[in-house]
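Visitor: Contents of entry_12.cif (mmCIF, N, CA and C atoms):
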```
data_upload
#
loop_
_atom_site.label_atom_id
_atom_site.label_comp_id
_atom_site.auth_asym_id
_atom_site.auth_seq_id
_atom_site.Cartn_x
_atom_site.Cartn_y
_atom_site.Cartn_z
N VAL A 12 -23.79 21.77 -39.53
CA VAL A 12 -22.78 20.84 -39.96
C VAL A 12 -23.45 19.66 -40.67
N GLN A 13 -22.84 19.18 -41.75
CA GLN A 13 -23.33 18.00 -42.43
C GLN A 13 -22.29 16.89 -42.28
N LEU A 14 -22.78 15.69 -42.03
CA LEU A 14 -21.90 14.55 -41.78
C LEU A 14 -22.25 13.44 -42.74
N GLN A 15 -21.26 12.98 -43.49
CA GLN A 15 -21.47 11.92 -44.47
C GLN A 15 -20.59 10.73 -44.14
N ALA A 16 -21.21 9.63 -43.77
CA ALA A 16 -20.47 8.41 -43.45
C ALA A 16 -20.33 7.55 -44.70
N SER A 17 -19.21 6.87 -44.78
CA SER A 17 -18.93 5.94 -45.87
C SER A 17 -18.45 4.63 -45.30
N GLY A 18 -18.74 3.55 -46.01
CA GLY A 18 -18.37 2.23 -45.55
C GLY A 18 -19.60 1.49 -45.10
N GLY A 19 -19.41 0.37 -44.45
CA GLY A 19 -20.53 -0.43 -44.00
C GLY A 19 -20.91 -1.47 -45.02
N GLY A 20 -22.04 -2.13 -44.76
CA GLY A 20 -22.50 -3.20 -45.63
C GLY A 20 -22.49 -4.54 -44.91
N LEU A 21 -22.42 -5.61 -45.69
CA LEU A 21 -22.41 -6.96 -45.14
C LEU A 21 -20.98 -7.39 -44.87
N MET A 22 -20.72 -7.78 -43.64
CA MET A 22 -19.38 -8.17 -43.20
C MET A 22 -19.41 -9.60 -42.66
N GLN A 23 -18.27 -10.26 -42.78
CA GLN A 23 -18.14 -11.61 -42.27
C GLN A 23 -17.71 -11.59 -40.80
N PRO A 24 -18.23 -12.50 -39.97
CA PRO A 24 -17.72 -12.61 -38.60
C PRO A 24 -16.21 -12.85 -38.64
N GLY A 25 -15.52 -12.16 -37.75
CA GLY A 25 -14.07 -12.27 -37.73
C GLY A 25 -13.37 -11.32 -38.67
N GLY A 26 -14.11 -10.68 -39.53
CA GLY A 26 -13.54 -9.74 -40.48
C GLY A 26 -13.36 -8.38 -39.86
N SER A 27 -13.12 -7.38 -40.70
CA SER A 27 -12.90 -6.03 -40.20
C SER A 27 -13.79 -5.05 -40.95
N LEU A 28 -14.00 -3.93 -40.30
CA LEU A 28 -14.88 -2.88 -40.81
C LEU A 28 -14.13 -1.56 -40.84
N ALA A 29 -14.24 -0.86 -41.93
CA ALA A 29 -13.64 0.47 -42.02
C ALA A 29 -14.73 1.47 -42.38
N LEU A 30 -14.86 2.49 -41.57
CA LEU A 30 -15.81 3.57 -41.81
C LEU A 30 -15.05 4.89 -41.86
N SER A 31 -15.58 5.79 -42.64
CA SER A 31 -15.04 7.14 -42.63
C SER A 31 -16.20 8.12 -42.56
N CYS A 32 -15.89 9.33 -42.12
CA CYS A 32 -16.91 10.36 -41.98
C CYS A 32 -16.33 11.68 -42.43
N ALA A 33 -17.06 12.36 -43.29
CA ALA A 33 -16.65 13.67 -43.77
C ALA A 33 -17.59 14.72 -43.20
N ALA A 34 -17.03 15.73 -42.55
CA ALA A 34 -17.82 16.84 -42.03
C ALA A 34 -17.70 18.03 -42.96
N SER A 35 -18.81 18.70 -43.19
CA SER A 35 -18.80 19.89 -44.03
C SER A 35 -19.76 20.92 -43.46
N GLY A 36 -19.73 22.11 -44.01
CA GLY A 36 -20.57 23.19 -43.50
C GLY A 36 -19.89 23.86 -42.32
N THR A 37 -20.59 23.99 -41.20
CA THR A 37 -20.04 24.64 -40.01
C THR A 37 -19.15 23.64 -39.27
N THR A 38 -17.85 23.66 -39.58
CA THR A 38 -16.94 22.70 -38.96
C THR A 38 -15.97 23.34 -37.98
N ARG A 39 -16.00 24.66 -37.93
CA ARG A 39 -15.11 25.33 -37.00
C ARG A 39 -15.49 24.98 -35.57
N ASN A 40 -14.53 24.73 -34.77
CA ASN A 40 -14.71 24.43 -33.35
C ASN A 40 -15.35 23.07 -33.08
N ILE A 41 -15.29 22.15 -34.07
CA ILE A 41 -15.70 20.79 -33.75
C ILE A 41 -14.78 20.26 -32.66
N TYR A 42 -15.35 19.71 -31.62
CA TYR A 42 -14.57 19.21 -30.50
C TYR A 42 -14.44 17.68 -30.58
N ASN A 43 -15.47 16.97 -30.24
CA ASN A 43 -15.44 15.52 -30.35
C ASN A 43 -16.02 15.07 -31.69
N MET A 44 -15.39 14.08 -32.27
CA MET A 44 -15.97 13.34 -33.39
C MET A 44 -16.07 11.89 -32.94
N GLY A 45 -17.15 11.24 -33.30
CA GLY A 45 -17.29 9.88 -32.82
C GLY A 45 -18.36 9.10 -33.54
N TRP A 46 -18.53 7.88 -33.08
CA TRP A 46 -19.51 6.97 -33.67
C TRP A 46 -20.45 6.46 -32.59
N TYR A 47 -21.73 6.53 -32.89
CA TYR A 47 -22.75 5.86 -32.13
C TYR A 47 -23.26 4.71 -32.99
N ARG A 48 -23.88 3.74 -32.35
CA ARG A 48 -24.54 2.70 -33.13
C ARG A 48 -25.83 2.29 -32.44
N GLN A 49 -26.76 1.83 -33.27
CA GLN A 49 -28.03 1.37 -32.75
C GLN A 49 -28.36 0.03 -33.39
N ALA A 50 -28.37 -0.99 -32.55
CA ALA A 50 -28.72 -2.33 -33.00
C ALA A 50 -30.23 -2.50 -32.99
N PRO A 51 -30.75 -3.43 -33.77
CA PRO A 51 -32.20 -3.65 -33.80
C PRO A 51 -32.77 -3.91 -32.40
N GLY A 52 -33.78 -3.15 -32.04
CA GLY A 52 -34.44 -3.33 -30.76
C GLY A 52 -33.69 -2.80 -29.56
N LYS A 53 -32.58 -2.10 -29.79
CA LYS A 53 -31.77 -1.58 -28.69
C LYS A 53 -31.64 -0.07 -28.79
N GLU A 54 -31.23 0.53 -27.69
CA GLU A 54 -31.00 1.97 -27.68
C GLU A 54 -29.66 2.29 -28.35
N ARG A 55 -29.56 3.52 -28.82
CA ARG A 55 -28.32 3.98 -29.43
C ARG A 55 -27.24 4.03 -28.36
N GLU A 56 -26.05 3.56 -28.69
CA GLU A 56 -24.94 3.58 -27.73
C GLU A 56 -23.72 4.25 -28.35
N LEU A 57 -22.95 4.88 -27.51
CA LEU A 57 -21.71 5.50 -27.93
C LEU A 57 -20.65 4.41 -28.11
N VAL A 58 -19.98 4.42 -29.25
CA VAL A 58 -19.00 3.39 -29.55
C VAL A 58 -17.57 3.90 -29.32
N ALA A 59 -17.24 5.02 -29.90
CA ALA A 59 -15.89 5.55 -29.76
C ALA A 59 -15.88 7.02 -30.12
N THR A 60 -14.99 7.77 -29.49
CA THR A 60 -14.83 9.19 -29.79
C THR A 60 -13.36 9.56 -29.84
N ILE A 61 -13.10 10.67 -30.49
CA ILE A 61 -11.77 11.26 -30.49
C ILE A 61 -11.95 12.76 -30.48
N ASN A 62 -11.22 13.44 -29.60
CA ASN A 62 -11.39 14.90 -29.56
C ASN A 62 -10.34 15.59 -30.44
N ASP A 63 -10.37 16.89 -30.46
CA ASP A 63 -9.50 17.63 -31.38
C ASP A 63 -8.04 17.57 -30.99
N ARG A 64 -7.76 17.06 -29.79
CA ARG A 64 -6.36 16.89 -29.37
C ARG A 64 -5.90 15.45 -29.58
N GLY A 65 -6.80 14.57 -30.02
CA GLY A 65 -6.45 13.18 -30.24
C GLY A 65 -6.77 12.24 -29.09
N PHE A 66 -7.40 12.75 -28.03
CA PHE A 66 -7.77 11.88 -26.91
C PHE A 66 -8.93 10.99 -27.33
N ARG A 67 -8.81 9.70 -27.05
CA ARG A 67 -9.78 8.71 -27.50
C ARG A 67 -10.51 8.08 -26.32
N SER A 68 -11.75 7.69 -26.57
CA SER A 68 -12.51 6.91 -25.61
C SER A 68 -13.32 5.89 -26.39
N ASN A 69 -13.72 4.81 -25.70
CA ASN A 69 -14.44 3.76 -26.41
C ASN A 69 -15.36 3.01 -25.47
N ALA A 70 -16.33 2.33 -26.03
CA ALA A 70 -17.21 1.45 -25.27
C ALA A 70 -16.46 0.16 -24.95
N PRO A 71 -16.76 -0.45 -23.81
CA PRO A 71 -16.09 -1.71 -23.45
C PRO A 71 -16.25 -2.80 -24.51
N SER A 72 -17.36 -2.77 -25.23
CA SER A 72 -17.65 -3.84 -26.18
C SER A 72 -16.67 -3.89 -27.34
N ILE A 73 -15.93 -2.82 -27.61
CA ILE A 73 -14.98 -2.84 -28.72
C ILE A 73 -13.54 -2.65 -28.26
N LYS A 74 -13.32 -2.70 -26.96
CA LYS A 74 -11.97 -2.52 -26.43
C LYS A 74 -11.00 -3.51 -27.06
N GLY A 75 -9.87 -3.00 -27.52
CA GLY A 75 -8.85 -3.85 -28.11
C GLY A 75 -9.11 -4.24 -29.55
N ARG A 76 -10.24 -3.84 -30.12
CA ARG A 76 -10.61 -4.23 -31.48
C ARG A 76 -10.76 -3.04 -32.42
N PHE A 77 -10.46 -1.82 -31.95
CA PHE A 77 -10.81 -0.68 -32.77
C PHE A 77 -9.64 0.28 -32.92
N ALA A 78 -9.78 1.12 -33.91
CA ALA A 78 -8.87 2.24 -34.09
C ALA A 78 -9.69 3.42 -34.59
N ILE A 79 -9.41 4.59 -34.05
CA ILE A 79 -10.11 5.79 -34.49
C ILE A 79 -9.09 6.90 -34.67
N SER A 80 -9.25 7.66 -35.73
CA SER A 80 -8.34 8.77 -35.98
C SER A 80 -9.11 9.87 -36.70
N ARG A 81 -8.50 11.04 -36.77
CA ARG A 81 -9.15 12.14 -37.47
C ARG A 81 -8.09 13.03 -38.10
N ASP A 82 -8.49 13.70 -39.15
CA ASP A 82 -7.66 14.67 -39.83
C ASP A 82 -8.37 16.01 -39.68
N ASN A 83 -7.92 16.83 -38.76
CA ASN A 83 -8.61 18.09 -38.48
C ASN A 83 -8.59 19.03 -39.68
N ALA A 84 -7.52 19.00 -40.44
CA ALA A 84 -7.41 19.90 -41.60
C ALA A 84 -8.43 19.55 -42.68
N LYS A 85 -8.74 18.26 -42.79
CA LYS A 85 -9.68 17.80 -43.82
C LYS A 85 -11.08 17.55 -43.26
N ASN A 86 -11.25 17.72 -41.95
CA ASN A 86 -12.54 17.44 -41.30
C ASN A 86 -13.02 16.03 -41.58
N MET A 87 -12.09 15.10 -41.45
CA MET A 87 -12.38 13.69 -41.70
C MET A 87 -12.12 12.88 -40.45
N MET A 88 -12.88 11.81 -40.29
CA MET A 88 -12.68 10.87 -39.20
C MET A 88 -12.66 9.47 -39.79
N TYR A 89 -11.80 8.62 -39.23
CA TYR A 89 -11.63 7.26 -39.72
C TYR A 89 -11.80 6.29 -38.56
N PHE A 90 -12.45 5.17 -38.85
CA PHE A 90 -12.79 4.22 -37.79
C PHE A 90 -12.62 2.81 -38.32
N HIS A 91 -12.04 1.95 -37.50
CA HIS A 91 -11.78 0.57 -37.92
C HIS A 91 -12.09 -0.35 -36.75
N ILE A 92 -12.84 -1.41 -36.99
CA ILE A 92 -13.09 -2.45 -36.00
C ILE A 92 -12.65 -3.77 -36.58
N SER A 93 -11.91 -4.53 -35.83
CA SER A 93 -11.48 -5.86 -36.27
C SER A 93 -12.22 -6.93 -35.47
N SER A 94 -12.01 -8.20 -35.86
CA SER A 94 -12.64 -9.33 -35.17
C SER A 94 -14.14 -9.12 -35.00
N LEU A 95 -14.81 -8.80 -36.08
CA LEU A 95 -16.23 -8.49 -36.02
C LEU A 95 -17.05 -9.65 -35.47
N LYS A 96 -18.10 -9.26 -34.73
CA LYS A 96 -19.01 -10.23 -34.15
C LYS A 96 -20.42 -9.90 -34.63
N PRO A 97 -21.32 -10.88 -34.61
CA PRO A 97 -22.71 -10.56 -34.97
C PRO A 97 -23.29 -9.43 -34.11
N ASP A 98 -22.83 -9.32 -32.87
CA ASP A 98 -23.31 -8.24 -31.99
C ASP A 98 -22.88 -6.85 -32.46
N ASP A 99 -21.96 -6.79 -33.41
CA ASP A 99 -21.57 -5.49 -33.97
C ASP A 99 -22.56 -5.01 -35.03
N THR A 100 -23.52 -5.84 -35.37
CA THR A 100 -24.55 -5.46 -36.33
C THR A 100 -25.36 -4.29 -35.80
N ALA A 101 -25.41 -3.21 -36.58
CA ALA A 101 -26.12 -2.00 -36.14
C ALA A 101 -26.06 -0.96 -37.24
N VAL A 102 -26.83 0.09 -37.07
CA VAL A 102 -26.66 1.29 -37.87
C VAL A 102 -25.64 2.15 -37.15
N TYR A 103 -24.59 2.54 -37.83
CA TYR A 103 -23.52 3.34 -37.25
C TYR A 103 -23.69 4.79 -37.68
N TYR A 104 -23.64 5.68 -36.69
CA TYR A 104 -23.85 7.10 -36.93
C TYR A 104 -22.58 7.87 -36.62
N CYS A 105 -22.18 8.71 -37.56
CA CYS A 105 -21.09 9.64 -37.32
C CYS A 105 -21.66 10.87 -36.62
N CYS A 106 -21.05 11.28 -35.53
CA CYS A 106 -21.58 12.39 -34.74
C CYS A 106 -20.45 13.33 -34.31
N VAL A 107 -20.80 14.57 -34.09
CA VAL A 107 -19.84 15.55 -33.61
C VAL A 107 -20.49 16.44 -32.56
N ASP A 108 -19.65 17.08 -31.76
CA ASP A 108 -20.13 18.16 -30.92
C ASP A 108 -19.13 19.31 -31.03
N PHE A 109 -19.48 20.41 -30.43
CA PHE A 109 -18.67 21.62 -30.55
C PHE A 109 -18.25 22.11 -29.17
N ARG A 110 -17.15 22.81 -29.16
CA ARG A 110 -16.67 23.41 -27.91
C ARG A 110 -17.74 24.35 -27.36
N GLN A 111 -17.90 24.33 -26.06
CA GLN A 111 -18.79 25.23 -25.33
C GLN A 111 -20.26 25.00 -25.62
N THR A 112 -20.60 23.84 -26.15
CA THR A 112 -22.00 23.46 -26.33
C THR A 112 -22.19 22.01 -25.88
N THR A 113 -23.44 21.63 -25.70
CA THR A 113 -23.73 20.24 -25.32
C THR A 113 -24.48 19.49 -26.41
N ASP A 114 -24.81 20.19 -27.50
CA ASP A 114 -25.57 19.55 -28.57
C ASP A 114 -24.68 18.59 -29.35
N VAL A 115 -25.27 17.48 -29.76
CA VAL A 115 -24.59 16.48 -30.57
C VAL A 115 -25.30 16.41 -31.92
N TYR A 116 -24.52 16.41 -32.98
CA TYR A 116 -25.07 16.37 -34.32
C TYR A 116 -24.62 15.07 -34.98
N CYS A 117 -25.57 14.38 -35.62
CA CYS A 117 -25.26 13.09 -36.25
C CYS A 117 -25.73 13.06 -37.70
N GLY A 118 -25.03 12.28 -38.49
CA GLY A 118 -25.42 12.06 -39.86
C GLY A 118 -26.51 10.99 -39.95
N GLN A 119 -26.81 10.57 -41.15
CA GLN A 119 -27.93 9.65 -41.36
C GLN A 119 -27.62 8.21 -40.97
N GLY A 120 -26.40 7.83 -40.87
CA GLY A 120 -26.06 6.48 -40.46
C GLY A 120 -25.81 5.55 -41.62
N THR A 121 -25.03 4.53 -41.34
CA THR A 121 -24.75 3.50 -42.34
C THR A 121 -24.93 2.13 -41.69
N LEU A 122 -25.62 1.24 -42.40
CA LEU A 122 -25.94 -0.08 -41.84
C LEU A 122 -24.76 -1.02 -41.99
N VAL A 123 -24.43 -1.67 -40.89
CA VAL A 123 -23.40 -2.70 -40.87
C VAL A 123 -24.04 -3.99 -40.40
N THR A 124 -23.95 -5.02 -41.20
CA THR A 124 -24.49 -6.32 -40.85
C THR A 124 -23.36 -7.33 -40.81
N VAL A 125 -23.20 -7.99 -39.67
CA VAL A 125 -22.16 -9.00 -39.52
C VAL A 125 -22.84 -10.36 -39.50
N SER A 126 -22.64 -11.09 -40.57
CA SER A 126 -23.32 -12.38 -40.70
C SER A 126 -22.59 -13.25 -41.71
N SER A 127 -22.66 -14.55 -41.48
CA SER A 127 -22.05 -15.47 -42.43
C SER A 127 -23.09 -15.95 -43.43
#
```
Could you quickly redo this structure as structure tokens?
Guide:
Amino acid sequence: VQLQASGGGLMQPGGSLALSCAASGTTRNIYNMGWYRQAPGKERELVATINDRGFRSNAPSIKGRFAISRDNAKNMMYFHISSLKPDDTAVYYCCVDFRQTTDVYCGQGTLVTVSS
């Protein structure tokens, strides 16, 4: 599977971020689609996921500030964070997993910098 993230860049504190992810190649049986992020000097953390039935989960750090959706027919995922904080600065990775496996596949990532 190949994953291409779009969006990111320099954002203002208090602003909003919109990311999208396109999956191609082996997309059959994709189960969870989600975003991880890795801030400078920190470990990669799971930010939000959505499964093929639409069930969502998220990290406490973005609770109430995010929206995640997917279009299974187009193999697309959409992600939005509002009220951005400098702590949201990180490389964001689009990732997927498949039914009946435990492997997680991620794209190259897109840098998001929240700064005035």
Visitor: Evaluate the PyMOL selection byres ((chain A and resi 20-25) around 7) here and jot the selected residues down as a compact mmCIF listing (two decimals) with N, CA and C atoms, in the frame of the given file.
Guide:
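That gives us part_7.txt:
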```txt
# COMPACT_ATOMS: atom_id res chain seq x y z
N GLY A 18 -18.74 3.55 -46.01
CA GLY A 18 -18.37 2.23 -45.55
C GLY A 18 -19.60 1.49 -45.10
N GLY A 19 -19.41 0.37 -44.45
CA GLY A 19 -20.53 -0.43 -44.00
C GLY A 19 -20.91 -1.47 -45.02
N GLY A 26 -14.11 -10.68 -39.53
CA GLY A 26 -13.54 -9.74 -40.48
C GLY A 26 -13.36 -8.38 -39.86
N SER A 27 -13.12 -7.38 -40.70
CA SER A 27 -12.90 -6.03 -40.20
C SER A 27 -13.79 -5.05 -40.95
N SER A 93 -11.91 -4.53 -35.83
CA SER A 93 -11.48 -5.86 -36.27
C SER A 93 -12.22 -6.93 -35.47
N SER A 94 -12.01 -8.20 -35.86
CA SER A 94 -12.64 -9.33 -35.17
C SER A 94 -14.14 -9.12 -35.00
N LEU A 95 -14.81 -8.80 -36.08
CA LEU A 95 -16.23 -8.49 -36.02
C LEU A 95 -17.05 -9.65 -35.47
N LYS A 96 -18.10 -9.26 -34.73
CA LYS A 96 -19.01 -10.23 -34.15
C LYS A 96 -20.42 -9.90 -34.63
N PRO A 97 -21.32 -10.88 -34.61
CA PRO A 97 -22.71 -10.56 -34.97
C PRO A 97 -23.29 -9.43 -34.11
N THR A 121 -25.03 4.53 -41.34
CA THR A 121 -24.75 3.50 -42.34
C THR A 121 -24.93 2.13 -41.69
N LEU A 122 -25.62 1.24 -42.40
CA LEU A 122 -25.94 -0.08 -41.84
C LEU A 122 -24.76 -1.02 -41.99
N VAL A 123 -24.43 -1.67 -40.89
CA VAL A 123 -23.40 -2.70 -40.87
C VAL A 123 -24.04 -3.99 -40.40
N THR A 124 -23.95 -5.02 -41.20
CA THR A 124 -24.49 -6.32 -40.85
C THR A 124 -23.36 -7.33 -40.81
N VAL A 125 -23.20 -7.99 -39.67
CA VAL A 125 -22.16 -9.00 -39.52
C VAL A 125 -22.84 -10.36 -39.50
N SER A 126 -22.64 -11.09 -40.57
CA SER A 126 -23.32 -12.38 -40.70
C SER A 126 -22.59 -13.25 -41.71
N SER A 127 -22.66 -14.55 -41.48
CA SER A 127 -22.05 -15.47 -42.43
C SER A 127 -23.09 -15.95 -43.43
```
Visitor: For Cys105 of chain A, work out the shell of residues within 12 Å, counting only C-alpha atoms and skipping chain neighbours fewer than 6 positions away, then give it as a compact mmCIF listing (two decimals) with N, CA and C atoms, in the frame of the given file.
Guide:
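Output below, filename part26.txt:
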```
# COMPACT_ATOMS: atom_id res chain seq x y z
N VAL A 12 -23.79 21.77 -39.53
CA VAL A 12 -22.78 20.84 -39.96
C VAL A 12 -23.45 19.66 -40.67
N GLN A 13 -22.84 19.18 -41.75
CA GLN A 13 -23.33 18.00 -42.43
C GLN A 13 -22.29 16.89 -42.28
N LEU A 14 -22.78 15.69 -42.03
CA LEU A 14 -21.90 14.55 -41.78
C LEU A 14 -22.25 13.44 -42.74
N GLN A 15 -21.26 12.98 -43.49
CA GLN A 15 -21.47 11.92 -44.47
C GLN A 15 -20.59 10.73 -44.14
N ALA A 16 -21.21 9.63 -43.77
CA ALA A 16 -20.47 8.41 -43.45
C ALA A 16 -20.33 7.55 -44.70
N SER A 17 -19.21 6.87 -44.78
CA SER A 17 -18.93 5.94 -45.87
C SER A 17 -18.45 4.63 -45.30
N GLY A 18 -18.74 3.55 -46.01
CA GLY A 18 -18.37 2.23 -45.55
C GLY A 18 -19.60 1.49 -45.10
N LEU A 30 -14.86 2.49 -41.57
CA LEU A 30 -15.81 3.57 -41.81
C LEU A 30 -15.05 4.89 -41.86
N SER A 31 -15.58 5.79 -42.64
CA SER A 31 -15.04 7.14 -42.63
C SER A 31 -16.20 8.12 -42.56
N CYS A 32 -15.89 9.33 -42.12
CA CYS A 32 -16.91 10.36 -41.98
C CYS A 32 -16.33 11.68 -42.43
N ALA A 33 -17.06 12.36 -43.29
CA ALA A 33 -16.65 13.67 -43.77
C ALA A 33 -17.59 14.72 -43.20
N ALA A 34 -17.03 15.73 -42.55
CA ALA A 34 -17.82 16.84 -42.03
C ALA A 34 -17.70 18.03 -42.96
N ASN A 43 -15.47 16.97 -30.24
CA ASN A 43 -15.44 15.52 -30.35
C ASN A 43 -16.02 15.07 -31.69
N MET A 44 -15.39 14.08 -32.27
CA MET A 44 -15.97 13.34 -33.39
C MET A 44 -16.07 11.89 -32.94
N GLY A 45 -17.15 11.24 -33.30
CA GLY A 45 -17.29 9.88 -32.82
C GLY A 45 -18.36 9.10 -33.54
N TRP A 46 -18.53 7.88 -33.08
CA TRP A 46 -19.51 6.97 -33.67
C TRP A 46 -20.45 6.46 -32.59
N TYR A 47 -21.73 6.53 -32.89
CA TYR A 47 -22.75 5.86 -32.13
C TYR A 47 -23.26 4.71 -32.99
N ARG A 48 -23.88 3.74 -32.35
CA ARG A 48 -24.54 2.70 -33.13
C ARG A 48 -25.83 2.29 -32.44
N GLN A 49 -26.76 1.83 -33.27
CA GLN A 49 -28.03 1.37 -32.75
C GLN A 49 -28.36 0.03 -33.39
N GLU A 56 -26.05 3.56 -28.69
CA GLU A 56 -24.94 3.58 -27.73
C GLU A 56 -23.72 4.25 -28.35
N LEU A 57 -22.95 4.88 -27.51
CA LEU A 57 -21.71 5.50 -27.93
C LEU A 57 -20.65 4.41 -28.11
N VAL A 58 -19.98 4.42 -29.25
CA VAL A 58 -19.00 3.39 -29.55
C VAL A 58 -17.57 3.90 -29.32
N ALA A 59 -17.24 5.02 -29.90
CA ALA A 59 -15.89 5.55 -29.76
C ALA A 59 -15.88 7.02 -30.12
N THR A 60 -14.99 7.77 -29.49
CA THR A 60 -14.83 9.19 -29.79
C THR A 60 -13.36 9.56 -29.84
N ILE A 61 -13.10 10.67 -30.49
CA ILE A 61 -11.77 11.26 -30.49
C ILE A 61 -11.95 12.76 -30.48
N ILE A 79 -9.41 4.59 -34.05
CA ILE A 79 -10.11 5.79 -34.49
C ILE A 79 -9.09 6.90 -34.67
N MET A 87 -12.09 15.10 -41.45
CA MET A 87 -12.38 13.69 -41.70
C MET A 87 -12.12 12.88 -40.45
N MET A 88 -12.88 11.81 -40.29
CA MET A 88 -12.68 10.87 -39.20
C MET A 88 -12.66 9.47 -39.79
N TYR A 89 -11.80 8.62 -39.23
CA TYR A 89 -11.63 7.26 -39.72
C TYR A 89 -11.80 6.29 -38.56
N PHE A 90 -12.45 5.17 -38.85
CA PHE A 90 -12.79 4.22 -37.79
C PHE A 90 -12.62 2.81 -38.32
N VAL A 115 -25.27 17.48 -29.76
CA VAL A 115 -24.59 16.48 -30.57
C VAL A 115 -25.30 16.41 -31.92
N TYR A 116 -24.52 16.41 -32.98
CA TYR A 116 -25.07 16.37 -34.32
C TYR A 116 -24.62 15.07 -34.98
N CYS A 117 -25.57 14.38 -35.62
CA CYS A 117 -25.26 13.09 -36.25
C CYS A 117 -25.73 13.06 -37.70
N GLY A 118 -25.03 12.28 -38.49
CA GLY A 118 -25.42 12.06 -39.86
C GLY A 118 -26.51 10.99 -39.95
N GLN A 119 -26.81 10.57 -41.15
CA GLN A 119 -27.93 9.65 -41.36
C GLN A 119 -27.62 8.21 -40.97
N GLY A 120 -26.40 7.83 -40.87
CA GLY A 120 -26.06 6.48 -40.46
C GLY A 120 -25.81 5.55 -41.62
N THR A 121 -25.03 4.53 -41.34
CA THR A 121 -24.75 3.50 -42.34
C THR A 121 -24.93 2.13 -41.69
N LEU A 122 -25.62 1.24 -42.40
CA LEU A 122 -25.94 -0.08 -41.84
C LEU A 122 -24.76 -1.02 -41.99
```
Visitor: Please run DSSP on the backbone and report, as number ranges by chain, all residues within segment 22-121 of chain A that come out as helix (DSSP H, G or I).
Guide: A: 71-73, 97-99
Visitor: Is it possible to get the axis-aligned box enclosing segment 39-51 of chain A (all listed atoms, 8 Å extra per side) as AutoDock Vina command-line options, with centre and edge lengths in Å rounded to one decimal?
Guide:
```
--center_x -23.6 --center_y 10.7 --center_z -34.1 --size_x 34.3 --size_y 45.2 --size_z 23.7
```
Visitor: Check the DSSP output for the backbone and give back, as a PyMOL selection string, the residues of segment 13-116 of chain A in strand (DSSP E).
Guide: chain A and resi 13-18+20-22+28-35+41-49+56-61+67-69+77-82+87-92+101-109+115-116
Visitor: Considering only C-alpha atoms, return as a VMD selection string whatever protein or nucleic-acid residues lie within 12 Å of Lys53 of chain A, sequence-local ones (same chain, fewer than 5 positions apart) excluded.
Guide: chain A and resid 48 98 100 to 102
